[in-house]
$ cat entry.txt   # compact mmCIF, C-alpha atoms
# COMPACT_ATOMS: atom_id res chain seq x y z
CA MET A 1 77.89 74.81 108.93
CA GLN A 2 81.60 73.95 108.75
CA ALA A 3 82.37 77.07 106.70
CA TYR A 4 80.41 79.19 109.17
CA LEU A 5 82.29 77.65 112.11
CA ILE A 6 85.63 78.40 110.43
CA ASP A 7 84.53 81.98 109.75
CA PHE A 8 83.48 82.46 113.37
CA VAL A 9 86.77 81.10 114.71
CA ASN A 10 88.52 83.34 112.16
CA LEU A 11 86.65 86.34 113.56
CA LEU A 12 87.63 85.59 117.16
CA LEU A 13 91.27 84.90 116.26
CA ARG A 14 91.49 88.06 114.17
CA TRP A 15 90.03 90.06 117.06
CA LEU A 16 92.59 88.58 119.46
CA HIS A 17 95.40 89.10 116.95
CA VAL A 18 94.56 92.77 116.40
CA ILE A 19 94.20 93.50 120.13
CA ALA A 20 97.48 91.76 120.97
CA ALA A 21 99.26 93.51 118.09
CA ILE A 22 97.99 96.91 119.19
CA ALA A 23 99.17 96.25 122.74
CA TRP A 24 102.58 94.92 121.67
CA ILE A 25 103.34 97.53 119.01
CA GLY A 26 101.98 100.32 121.19
CA GLU A 27 104.19 99.30 124.10
CA SER A 28 107.19 98.87 121.81
CA ILE A 29 106.74 102.31 120.29
CA TYR A 30 106.25 103.80 123.76
CA PHE A 31 109.50 102.36 125.14
CA VAL A 32 111.48 103.47 122.08
CA MET A 33 110.04 106.95 122.56
CA LEU A 34 110.85 106.81 126.28
CA ASP A 35 114.43 105.66 125.66
CA ASN A 36 115.03 108.44 123.13
CA SER A 37 113.38 111.12 125.25
CA LEU A 38 115.46 110.61 128.39
CA ARG A 39 117.36 113.61 129.74
CA THR A 40 120.17 113.79 132.28
CA PRO A 41 118.61 113.79 135.77
CA LYS A 42 118.68 117.16 137.45
CA ALA A 43 118.79 115.90 141.04
CA GLU A 44 122.27 115.08 142.34
CA GLU A 45 120.91 112.23 144.46
CA ASP A 46 119.48 110.57 141.34
CA ARG A 47 122.80 110.80 139.53
CA GLU A 48 124.55 109.31 142.57
CA LYS A 49 122.11 106.38 142.52
CA GLY A 50 123.15 105.61 138.94
CA VAL A 51 120.16 107.09 137.13
CA PHE A 52 121.19 107.55 133.50
CA GLY A 53 118.20 109.54 132.30
CA GLU A 54 114.69 110.61 133.22
CA MET A 55 111.50 111.85 131.62
CA TRP A 56 108.59 113.69 133.17
CA SER A 57 105.21 113.32 131.48
CA VAL A 58 101.54 113.98 132.08
CA HIS A 59 98.69 111.74 131.00
CA GLY A 60 95.11 111.24 132.09
CA GLY A 61 95.32 113.91 134.77
CA GLY A 62 98.38 112.37 136.42
CA PHE A 63 102.11 113.09 136.39
CA TYR A 64 104.70 110.39 135.73
CA HIS A 65 108.44 110.32 136.42
CA ASN A 66 110.32 107.66 134.45
CA GLN A 67 113.95 106.91 135.27
CA LYS A 68 116.49 104.65 133.55
CA TYR A 69 119.56 103.27 135.31
CA ALA A 70 122.86 103.11 133.48
CA THR A 71 123.85 99.81 135.12
CA ALA A 72 121.90 98.38 138.05
CA PRO A 73 119.81 99.99 140.78
CA ALA A 74 120.66 99.23 144.37
CA LYS A 75 117.67 96.92 144.65
CA LEU A 76 115.26 95.32 142.20
CA PRO A 77 111.59 94.89 143.19
CA ASN A 78 109.99 91.46 143.11
CA ASP A 79 107.14 92.72 140.94
CA LEU A 80 109.36 93.81 138.04
CA HIS A 81 107.29 94.36 134.88
CA TRP A 82 108.19 92.18 131.88
CA SER A 83 107.05 92.69 128.31
CA PHE A 84 106.74 89.50 126.28
CA TRP A 85 103.29 87.90 126.39
CA LYS A 86 101.87 90.48 124.00
CA ALA A 87 104.53 89.56 121.44
CA TYR A 88 103.95 85.83 121.83
CA THR A 89 100.16 86.20 121.67
CA THR A 90 100.39 88.30 118.53
CA TRP A 91 102.53 85.73 116.73
CA LEU A 92 100.60 82.67 117.92
CA SER A 93 97.20 84.13 117.00
CA GLY A 94 98.58 85.31 113.63
CA PHE A 95 99.99 81.88 112.87
CA ALA A 96 96.68 80.26 113.83
CA LEU A 97 94.92 82.60 111.40
CA PHE A 98 97.37 81.65 108.66
CA VAL A 99 96.69 77.96 109.27
CA ILE A 100 92.90 78.40 109.14
CA LEU A 101 92.79 80.79 106.20
CA TYR A 102 95.62 79.52 104.01
CA MET A 103 97.05 76.17 105.06
CA VAL A 104 93.68 74.43 105.33
CA ASN A 105 93.15 75.05 101.61
CA PRO A 106 96.66 75.65 100.18
CA GLY A 107 95.81 74.72 96.59
CA PHE A 108 93.29 77.54 96.66
CA TYR A 109 95.21 80.23 98.55
CA LEU A 110 98.95 79.43 98.38
CA VAL A 111 99.73 77.75 95.06
CA ASN A 112 100.43 80.28 92.31
CA PRO A 113 99.48 78.61 88.98
CA ASN A 114 100.77 81.69 87.14
CA SER A 115 104.25 81.51 88.65
CA PRO A 116 107.04 81.89 86.06
CA TRP A 117 108.74 78.99 87.85
CA GLU A 118 107.21 75.74 86.66
CA TRP A 119 107.92 73.86 89.88
CA ALA A 120 106.09 76.53 91.90
CA ALA A 121 103.12 76.63 89.53
CA ASN A 122 102.76 72.83 89.78
CA MET A 123 103.10 72.47 93.55
CA THR A 124 100.60 70.31 95.39
CA GLY A 125 98.82 71.66 98.45
CA TRP A 126 101.03 69.92 101.00
CA GLN A 127 104.15 71.05 99.16
CA ALA A 128 102.93 74.65 99.30
CA ASN A 129 102.31 74.31 103.04
CA VAL A 130 105.79 72.92 103.64
CA LEU A 131 107.33 75.67 101.51
CA ALA A 132 105.39 78.37 103.41
CA LEU A 133 106.62 77.05 106.77
CA ALA A 134 110.17 76.78 105.44
CA PHE A 135 109.88 80.34 104.15
CA LEU A 136 109.00 81.64 107.63
CA LEU A 137 111.70 79.60 109.37
CA GLY A 138 114.30 80.40 106.72
CA GLY A 139 113.58 84.11 106.99
CA TRP A 140 114.28 84.05 110.72
CA VAL A 141 117.42 81.94 110.33
CA VAL A 142 118.90 84.21 107.65
CA TYR A 143 118.03 87.40 109.56
CA ASN A 144 119.45 86.01 112.81
CA GLU A 145 122.67 84.89 111.12
CA LEU A 146 123.09 88.33 109.55
CA CYS A 147 122.83 89.89 113.01
CA LYS A 148 125.29 87.45 114.57
CA ARG A 149 127.86 87.56 111.79
CA ILE A 150 127.81 91.23 110.72
CA SER A 151 127.36 92.97 114.05
CA PRO A 152 127.86 90.47 116.92
CA ASN A 153 129.07 93.20 119.27
CA MET A 154 126.62 95.81 118.02
CA ASP A 155 129.44 97.87 116.50
CA ARG A 156 128.43 97.58 112.83
CA ASP A 157 124.69 98.09 113.02
CA GLY A 158 124.68 100.46 110.03
CA LEU A 159 126.07 97.76 107.76
CA LEU A 160 123.65 95.27 109.32
CA SER A 161 120.71 97.53 108.48
CA ILE A 162 121.74 97.57 104.82
CA ALA A 163 122.05 93.76 104.82
CA VAL A 164 118.58 93.34 106.37
CA ALA A 165 117.13 95.77 103.79
CA VAL A 166 118.64 93.71 100.95
CA MET A 167 117.29 90.56 102.56
CA MET A 168 113.76 92.00 102.58
CA VAL A 169 114.01 92.88 98.88
CA ILE A 170 114.94 89.26 98.16
CA VAL A 171 112.14 87.96 100.41
CA ALA A 172 109.59 90.17 98.63
CA TYR A 173 110.72 88.98 95.22
CA LEU A 174 110.81 85.29 96.12
CA SER A 175 107.42 85.33 97.83
CA THR A 176 105.66 86.83 94.80
CA GLN A 177 107.23 84.26 92.49
CA MET A 178 106.38 81.23 94.62
CA PHE A 179 102.98 82.06 96.13
CA THR A 180 99.76 83.80 95.14
CA GLY A 181 99.88 87.59 95.45
CA ARG A 182 97.82 87.87 98.60
CA ALA A 183 99.73 85.07 100.32
CA ALA A 184 103.05 86.59 99.20
CA PHE A 185 102.31 89.91 100.91
CA LEU A 186 101.13 88.13 104.03
CA LEU A 187 104.15 85.81 104.16
CA THR A 188 106.61 88.68 103.67
CA GLY A 189 104.97 90.49 106.58
CA ALA A 190 105.01 87.24 108.55
CA VAL A 191 108.77 86.86 107.97
CA MET A 192 109.27 90.24 109.65
CA ALA A 193 106.71 89.49 112.37
CA THR A 194 108.37 86.14 113.06
CA ALA A 195 111.75 87.87 113.38
CA MET A 196 110.19 90.38 115.77
CA SER A 197 108.68 87.71 118.03
CA ALA A 198 111.78 85.53 117.83
CA ASN A 199 113.92 88.52 118.81
CA VAL A 200 111.86 88.81 121.97
CA PHE A 201 111.87 85.05 122.68
CA PHE A 202 115.49 84.18 121.86
CA TRP A 203 117.40 87.36 122.63
CA ILE A 204 115.62 90.20 124.41
CA ILE A 205 113.93 88.31 127.27
CA PRO A 206 116.77 85.79 127.89
CA GLY A 207 119.26 88.66 127.98
CA GLN A 208 117.09 90.58 130.42
CA ARG A 209 116.73 87.50 132.62
CA ARG A 210 120.52 87.06 132.72
CA MET A 211 120.92 90.72 133.65
CA VAL A 212 118.34 90.49 136.43
CA LYS A 213 119.91 87.27 137.77
CA ALA A 214 123.36 88.87 137.85
CA MET A 215 122.06 92.01 139.55
CA LYS A 216 120.24 90.03 142.25
CA ALA A 217 123.43 88.04 142.85
CA GLY A 218 125.39 91.25 143.27
CA ASP A 219 127.34 90.75 140.05
CA ALA A 220 127.78 93.17 137.17
CA PRO A 221 125.54 92.21 134.23
CA ASN A 222 127.09 91.52 130.85
CA PRO A 223 126.78 94.82 128.92
CA LEU A 224 126.40 92.87 125.65
CA ASP A 225 123.02 91.57 126.85
CA GLY A 226 121.73 95.12 127.15
CA LYS A 227 123.25 96.22 123.84
CA ARG A 228 121.94 93.18 122.00
CA GLY A 229 118.47 93.60 123.47
CA LYS A 230 118.41 97.22 122.34
CA GLN A 231 119.68 96.25 118.87
CA ARG A 232 116.88 93.74 118.35
CA SER A 233 114.30 96.14 119.85
CA VAL A 234 115.39 98.82 117.39
CA HIS A 235 114.99 96.36 114.51
CA ASN A 236 111.51 95.52 115.79
CA THR A 237 110.45 99.14 115.83
CA TYR A 238 111.46 99.63 112.17
CA PHE A 239 109.56 96.49 111.19
CA THR A 240 106.29 97.63 112.77
CA LEU A 241 104.84 99.98 110.12
CA PRO A 242 105.72 97.72 107.16
CA VAL A 243 104.28 94.66 108.94
CA VAL A 244 100.99 96.39 109.66
CA LEU A 245 100.72 97.52 106.03
CA LEU A 246 101.44 94.04 104.67
CA MET A 247 98.93 92.45 107.04
CA VAL A 248 96.08 94.68 105.83
CA SER A 249 97.11 94.45 102.15
CA ASN A 250 94.93 91.39 101.52
CA HIS A 251 91.93 93.73 101.33
CA TYR A 252 93.36 95.56 98.30
CA SER A 253 93.81 93.39 95.23
CA PHE A 254 95.29 96.18 93.10
CA ILE A 255 98.47 95.90 95.22
CA TYR A 256 99.09 92.18 95.33
CA SER A 257 97.73 91.27 91.88
CA HIS A 258 100.04 93.60 89.96
CA GLU A 259 102.80 92.05 87.84
CA LEU A 260 105.33 94.17 89.77
CA ALA A 261 103.79 93.41 93.15
CA TRP A 262 107.20 92.75 94.70
CA VAL A 263 108.38 96.24 93.71
CA VAL A 264 105.24 97.78 95.25
CA MET A 265 105.84 95.73 98.38
CA VAL A 266 109.47 96.86 98.69
CA LEU A 267 108.50 100.50 98.22
CA PHE A 268 105.95 100.25 101.04
CA ILE A 269 108.43 98.46 103.33
CA PHE A 270 111.07 101.15 102.89
CA ALA A 271 108.48 103.94 103.17
CA GLY A 272 107.27 102.57 106.51
CA ALA A 273 110.82 102.29 107.85
CA LEU A 274 111.66 105.85 106.79
CA ILE A 275 108.52 107.28 108.38
CA ARG A 276 109.27 105.37 111.58
CA GLN A 277 112.80 106.78 111.53
CA PHE A 278 111.38 110.29 111.59
CA PHE A 279 109.51 109.63 114.84
CA VAL A 280 112.47 107.84 116.42
CA LEU A 281 114.68 110.88 115.76
CA MET A 282 111.94 113.31 116.76
CA HIS A 283 111.71 111.72 120.20
CA ALA A 284 115.47 112.17 120.50
CA GLY A 285 115.01 115.90 119.84
CA LYS A 286 115.97 115.83 116.16
CA THR A 287 113.36 116.87 113.62
CA GLN A 288 114.34 115.76 110.12
CA PRO A 289 111.38 116.11 107.73
CA ALA A 290 113.41 114.61 104.87
CA TYR A 291 112.62 111.13 106.19
CA PRO A 292 108.81 111.33 106.00
CA ALA A 293 109.08 113.32 102.76
CA PHE A 294 111.13 110.57 101.17
CA GLY A 295 108.75 107.97 102.63
CA VAL A 296 105.75 109.71 101.11
CA GLY A 297 107.69 109.91 97.83
CA LEU A 298 108.09 106.12 97.87
CA ILE A 299 104.36 105.70 98.55
CA LEU A 300 103.56 107.94 95.57
CA LEU A 301 105.98 105.90 93.47
CA ALA A 302 104.15 102.74 94.58
CA PHE A 303 100.87 104.39 93.57
CA TRP A 304 102.29 105.09 90.11
CA VAL A 305 103.70 101.58 89.69
CA ALA A 306 100.49 99.86 90.81
CA ALA A 307 98.13 102.07 88.80
CA PRO A 308 96.25 100.03 86.17
CA SER A 309 97.09 100.89 82.59
CA ALA A 310 94.32 101.90 80.26
CA SER A 311 94.96 98.86 78.09
CA SER A 312 94.49 96.50 81.04
CA THR A 313 90.90 97.51 81.63
CA SER A 314 89.50 98.99 78.44
CA GLY A 315 90.41 96.43 75.79
CA ASP A 316 90.46 97.43 72.13
CA ALA A 317 88.92 100.89 71.90
CA GLY A 318 88.08 100.41 68.26
CA ALA A 319 86.14 97.18 68.71
CA GLN A 320 82.63 96.64 69.95
CA GLY A 321 82.79 95.65 73.63
CA PRO A 322 80.97 92.62 75.04
CA ASP A 323 77.34 93.05 75.97
CA GLN A 324 75.66 92.48 79.31
CA ALA A 325 74.69 88.90 78.48
CA GLN A 326 78.32 87.92 77.71
CA ILE A 327 79.66 89.43 80.92
CA THR A 328 76.87 87.95 83.03
CA GLY A 329 77.48 84.52 81.50
CA LEU A 330 81.20 84.65 82.34
CA ILE A 331 80.52 85.85 85.89
CA GLU A 332 78.03 83.03 86.43
CA GLN A 333 80.47 80.49 85.03
CA HIS A 334 83.60 81.60 86.86
CA CYS A 335 82.68 83.78 89.85
CA VAL A 336 79.32 83.17 91.52
CA GLN A 337 80.33 79.83 93.03
CA CYS A 338 82.04 81.98 95.67
CA HIS A 339 80.78 85.52 95.06
CA ALA A 340 77.11 85.07 95.83
CA ARG A 341 74.92 85.83 98.83
CA ASN A 342 74.75 82.08 99.40
CA PRO A 343 78.01 80.68 97.97
CA GLU A 344 77.97 77.16 96.55
CA HIS A 345 81.68 76.67 97.31
CA ALA A 346 82.08 74.70 100.54
CA GLY A 347 84.86 76.96 101.77
CA PHE A 348 82.68 80.07 102.11
CA SER A 349 79.69 80.84 104.29
CA ALA A 350 79.46 84.36 102.84
CA PRO A 351 80.79 86.06 99.68
CA PRO A 352 84.55 86.82 99.97
CA ALA A 353 85.20 90.48 100.84
CA GLY A 354 81.42 90.97 100.74
CA PHE A 355 81.37 90.98 96.92
CA ALA A 356 78.19 89.24 95.73
CA PHE A 357 77.41 89.11 91.99
CA ASP A 358 73.78 88.00 92.11
CA SER A 359 72.54 90.94 90.05
CA TRP A 360 73.82 93.09 87.19
CA ASP A 361 73.93 96.19 89.39
CA GLU A 362 76.22 94.38 91.84
CA ILE A 363 78.44 93.19 89.00
CA LEU A 364 78.58 96.67 87.49
CA GLY A 365 79.49 98.18 90.87
CA GLN A 366 82.68 96.08 90.99
CA LYS A 367 83.58 96.38 87.31
CA THR A 368 87.04 97.90 87.78
CA GLN A 369 88.11 95.40 90.42
CA ILE A 370 86.77 92.47 88.40
CA GLN A 371 88.80 93.58 85.38
CA GLN A 372 91.95 94.10 87.46
CA VAL A 373 91.95 90.73 89.20
CA VAL A 374 90.95 88.83 86.06
CA ALA A 375 93.62 90.57 83.95
CA SER A 376 96.28 89.85 86.57
CA ARG A 377 95.11 86.21 86.71
CA TYR A 378 94.60 86.45 90.46
CA MET A 379 90.98 85.47 89.92
CA PRO A 380 89.49 82.96 89.75
CA LEU A 381 91.61 81.73 92.65
CA GLY A 382 93.88 78.98 91.43
CA ASN A 383 91.92 79.23 88.16
CA MET A 384 89.77 76.42 89.51
CA THR A 385 87.10 77.17 86.91
CA ASN A 386 89.63 77.06 84.05
CA MET A 387 89.00 80.55 82.70
CA SER A 388 90.61 80.79 79.26
CA ASP A 389 92.70 83.64 77.86
CA GLU A 390 89.94 84.43 75.39
CA GLU A 391 87.46 84.82 78.25
CA ARG A 392 89.88 87.09 80.09
CA ASP A 393 90.16 89.22 76.94
CA ILE A 394 86.38 89.59 76.90
CA ILE A 395 86.42 90.88 80.49
CA ALA A 396 89.25 93.27 79.56
CA ALA A 397 87.23 94.63 76.62
CA TRP A 398 84.20 95.32 78.84
CA GLU A 399 83.32 99.01 78.48

$ encode --input "entry.txt" --output "structure tokens"
Amino acid sequence: MQAYLIDFVNLLLRWLHVIAAIAWIGESIYFVMLDNSLRTPKAEEDREKGVFGEMWSVHGGGFYHNQKYATAPAKLPNDLHWSFWKAYTTWLSGFALFVILYMVNPGFYLVNPNSPWEWAANMTGWQANVLALAFLLGGWVVYNELCKRISPNMDRDGLLSIAVAVMMVIVAYLSTQMFTGRAAFLLTGAVMATAMSANVFFWIIPGQRRMVKAMKAGDAPNPLDGKRGKQRSVHNTYFTLPVVLLMVSNHYSFIYSHELAWVVMVLFIFAGALIRQFFVLMHAGKTQPAYPAFGVGLILLAFWVAAPSASSTSGDAGAQGPDQAQITGLIEQHCVQCHARNPEHAGFSAPPAGFAFDSWDEILGQKTQIQQVVASRYMPLGNMTNMSDEERDIIAAWE
């Protein structure tokens, strides 16, 4: 009953998280598009009022006229629309999911017993939890310091972009060395998502509040608040596609179980940013297909890197492969505690990812994935059943 309750709460939190993320990312992408699509107002009276740009659009049978002021309008309405609760809800629901799915059982989901670093492979559950939290906090601190030190006045954003890109390569590498593959992808995405939400909480909204306060008092707002808010918003928009990819990656073991998982992760992060750049420029009236072409090229490179080698799944071609009884025996010994219609493991109310190995046909249907995750040592999780290298070789030789 406890496992079922956790699964049900997981379902509701995931539903909330996805809805909030769609709303936040959708609104973010819309405002970036709006900002880049603005044109000089045609009406003289609008220019005299301080309107910097405008955009006419049609949607749902109605016509809309958006205007942006260069400094401050003559009067601000009391019902000014603010955009922040979607960001906060996305992060809070995502963190709650991480606690329920990973931190409740860290020895199972976070500790990487195959880490090349002995201290990481031998972490206890509470140590892994502390390290995961420090990883998220440290990612934000480093990113924020890069922004403040490299481009405090928003005049060296190009150099800052390079520094943030290097930082994400380091984050991807460290995460895959310290945590299990699935957790590493999730935590790398969470570092970016945390930076996105923190940008809203610590910089964008406070800056906007200072601007509004100054305007209502009849004072000129600090232009750095507007520039800084735009800088962090731009960073957020380039993070969006990589974050979404990393958050759904836990459904695809061939990505996170590969020995070069951090390289695959970096390629996807850069591909997402390049594809997003194409749309940002397109909304500004510049069509540059080289960006999505290069992005697709990185995705194809990731496909090539992550592709399983023939030797990793076919074993020794000249030797007689294991028979059905050998494979079934190993599956029953190491897998069916979790991967069964009625799992014996207390942490599951249903087979993970829907993979149940109660019959030979079901086992045979997942042959390739079984070989991949066993060869990469991702399964059994935490090697809690103590699968030996010899047993892994038998799975690899399965033909």

$ closest_atom_pairs --input "entry.txt" --of "stretch 155-217 of chain A" --to "stretch 271-278 of chain A" --cutoff "12 Å" --atoms "only C-alpha atoms" --output "tab-separated table"
residue	atom	partner	partner_atom	distance
A:Ser161	CA	A:Ala273	CA	11.0
A:Val164	CA	A:Ala273	CA	11.9
A:Ala165	CA	A:Ala273	CA	9.9
A:Met168	CA	A:Ala273	CA	11.9

$ closest_residue --input "entry.txt" --among "A:Lys75, A:Arg39, A:Arg392, A:Arg14" --to "A:Ala217" --atoms "all atoms listed in the file"
A:Lys75

$ residues_near_point --input "entry.txt" --point "(78.7, 87.6, 86.6)" --cutoff "9 Å" --atoms "only C-alpha atoms" --output "ChimeraX atom specification"
/A:326-336,339,357-360,362-363

$ atom_distance --input "entry.txt" --atom1 "atom CA of A:Leu298" --atom2 "atom CA of A:Trp91"
28.3 Å

$ residues_around --input "entry.txt" --residues "stretch 22-38 of chain A" --least-positions-apart "3" --cutoff "9 Å" --atoms "all atoms listed in the file" --output "PyMOL selection string"
chain A and resi 17-19+41+52-56+66-68+83-87+90+233-234+236-237+240+279-285

$ closest_residue --input "entry.txt" --among "A:Ala302, A:Leu381, A:Leu241, A:Val263" --to "A:Pro106" --atoms "all atoms listed in the file"
A:Leu381
